[in-house]
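In what follows, a single structure is set out as structure tokens and then discussed.
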Amino acid sequence: MGLFDGAAFKITEQGLDASWYQQTVISNNIANMDTPEYKARTVSFGLVLDKAIGARNSDNGRLNVRISETYETDTDQTLNGNNVDIEKESNALVDAQYQYSTMVDYLNSRYSMIRTAIGK
């Protein structure tokens, strides 16, 4: 088993990718807030188990991050058919950046423990 093969490290790595993707989608929504007929997209992600729930304690049950992308349907459309809500998108972007920052802090703490252990 390698130093970075643990489940927590892999989940954090996948979470960083998902959070980056979420920030990209939100940024695209903000950039297209004045585009006629543009429909805002949302990204959600969460932990899912590849195997049955009972297998989670074995090496066969792996946790992964699953990402799903949908079009926003619960916001009002403007006269040009666009449904981007800038306040909602700004808040979602702040949340995504906070999640990303939290995961980076976790990885930095892991690397710090390794640096301390090897004396550097």
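Lettering and numbering for the structure tokens are positional, with chains as A, B, ... in the shown order, residues counted from 1 in each chain, and ligands counted from 1 in the shown order.
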task: Considering only C-alpha atoms, return as a list in words whatever protein or nucleic-acid residues lie within 12 Å of Tyr98 in chain A, sequence-local ones (same chain, fewer than 5 positions apart) excluded.
output: Leu16, Ser19, Trp20, Gln22, Gln23, Asn91, Ala92, Leu93, Met103, Val104 and Asp105 of chain A
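Taking only C-alpha atoms into account, Asn108 in chain A lies nearest to A:Thr12 out of the set A:Ser27, A:Thr12, A:Gln77, A:Ser68.
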- request: May I have the residues within 6 Å of range 36-47 of chain A as a list in words, using only C-alpha atoms and disregarding those fewer than 2 positions away in the same chain?
  value: Gln22, Asn29, Asn64, Val65, Arg66, Ile67, Ser68, Glu69, Thr70, Tyr71, Glu72, Asn80, Gly81, Asn82, Asn83 and Val84 of chain A
Would you write out those residues with N, CA and C atoms, as an mmCIF file, in the first residue's frame?
```cif
data_model
loop_
_atom_site.group_PDB
_atom_site.id
_atom_site.type_symbol
_atom_site.label_atom_id
_atom_site.label_comp_id
_atom_site.auth_asym_id
_atom_site.auth_seq_id
_atom_site.Cartn_x
_atom_site.Cartn_y
_atom_site.Cartn_z
ATOM 1 N N GLN A 22 -17.656 22.004 -10.691
ATOM 2 C CA GLN A 22 -18.795 22.799 -10.251
ATOM 3 C C GLN A 22 -18.512 24.288 -10.400
ATOM 4 N N ASN A 29 -22.324 29.903 -16.124
ATOM 5 C CA ASN A 29 -23.657 30.493 -15.923
ATOM 6 C C ASN A 29 -23.558 32.005 -15.755
ATOM 7 N N ASN A 64 -16.616 6.491 -4.162
ATOM 8 C CA ASN A 64 -16.276 7.371 -5.272
ATOM 9 C C ASN A 64 -17.161 8.604 -5.210
ATOM 10 N N VAL A 65 -16.755 9.631 -5.900
ATOM 11 C CA VAL A 65 -17.557 10.838 -6.019
ATOM 12 C C VAL A 65 -18.303 10.762 -7.343
ATOM 13 N N ARG A 66 -19.614 10.904 -7.283
ATOM 14 C CA ARG A 66 -20.417 10.891 -8.496
ATOM 15 C C ARG A 66 -20.906 12.309 -8.768
ATOM 16 N N ILE A 67 -20.767 12.744 -10.009
ATOM 17 C CA ILE A 67 -21.151 14.097 -10.414
ATOM 18 C C ILE A 67 -22.358 13.999 -11.341
ATOM 19 N N SER A 68 -23.340 14.848 -11.116
ATOM 20 C CA SER A 68 -24.462 14.931 -12.045
ATOM 21 C C SER A 68 -24.700 16.393 -12.394
ATOM 22 N N GLU A 69 -25.019 16.625 -13.654
ATOM 23 C CA GLU A 69 -25.250 17.984 -14.143
ATOM 24 C C GLU A 69 -26.649 18.058 -14.730
ATOM 25 N N THR A 70 -27.399 19.082 -14.326
ATOM 26 C CA THR A 70 -28.759 19.264 -14.815
ATOM 27 C C THR A 70 -28.978 20.730 -15.176
ATOM 28 N N TYR A 71 -30.037 20.979 -15.921
ATOM 29 C CA TYR A 71 -30.422 22.354 -16.215
ATOM 30 C C TYR A 71 -31.289 22.872 -15.081
ATOM 31 N N GLU A 72 -31.097 24.122 -14.740
ATOM 32 C CA GLU A 72 -31.850 24.770 -13.670
ATOM 33 C C GLU A 72 -33.292 24.971 -14.126
ATOM 34 N N ASN A 80 -35.892 37.658 -22.099
ATOM 35 C CA ASN A 80 -35.152 37.050 -23.205
ATOM 36 C C ASN A 80 -35.018 35.529 -23.059
ATOM 37 N N GLY A 81 -35.694 34.919 -22.075
ATOM 38 C CA GLY A 81 -35.675 33.474 -21.912
ATOM 39 C C GLY A 81 -34.536 32.951 -21.071
ATOM 40 N N ASN A 82 -33.701 33.822 -20.565
ATOM 41 C CA ASN A 82 -32.563 33.434 -19.738
ATOM 42 C C ASN A 82 -33.053 33.243 -18.300
ATOM 43 N N ASN A 83 -32.509 32.233 -17.592
ATOM 44 C CA ASN A 83 -32.952 32.006 -16.221
ATOM 45 C C ASN A 83 -31.807 32.042 -15.204
ATOM 46 N N VAL A 84 -30.714 32.720 -15.515
ATOM 47 C CA VAL A 84 -29.584 32.808 -14.599
ATOM 48 C C VAL A 84 -29.908 33.822 -13.499
#
```
- prompt: Can you list every residue in range 78-108 of chain A that DSSP puts in alpha helix (DSSP H), as a ChimeraX atom specification?
  reply: /A:86-108
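Backbone DSSP over range 13-113 of chain A gives strand (DSSP E) for Arg41, Thr42, Val43, Ser44, Phe45, Gly46, Leu47, Val48, Leu49, Leu63, Asn64, Val65, Arg66, Ile67, Ser68, Glu69, Thr70 and Tyr71 of chain A.
One finds CA of Met33 in chain A at 7.7 Å from CA of Asp85 in chain A.
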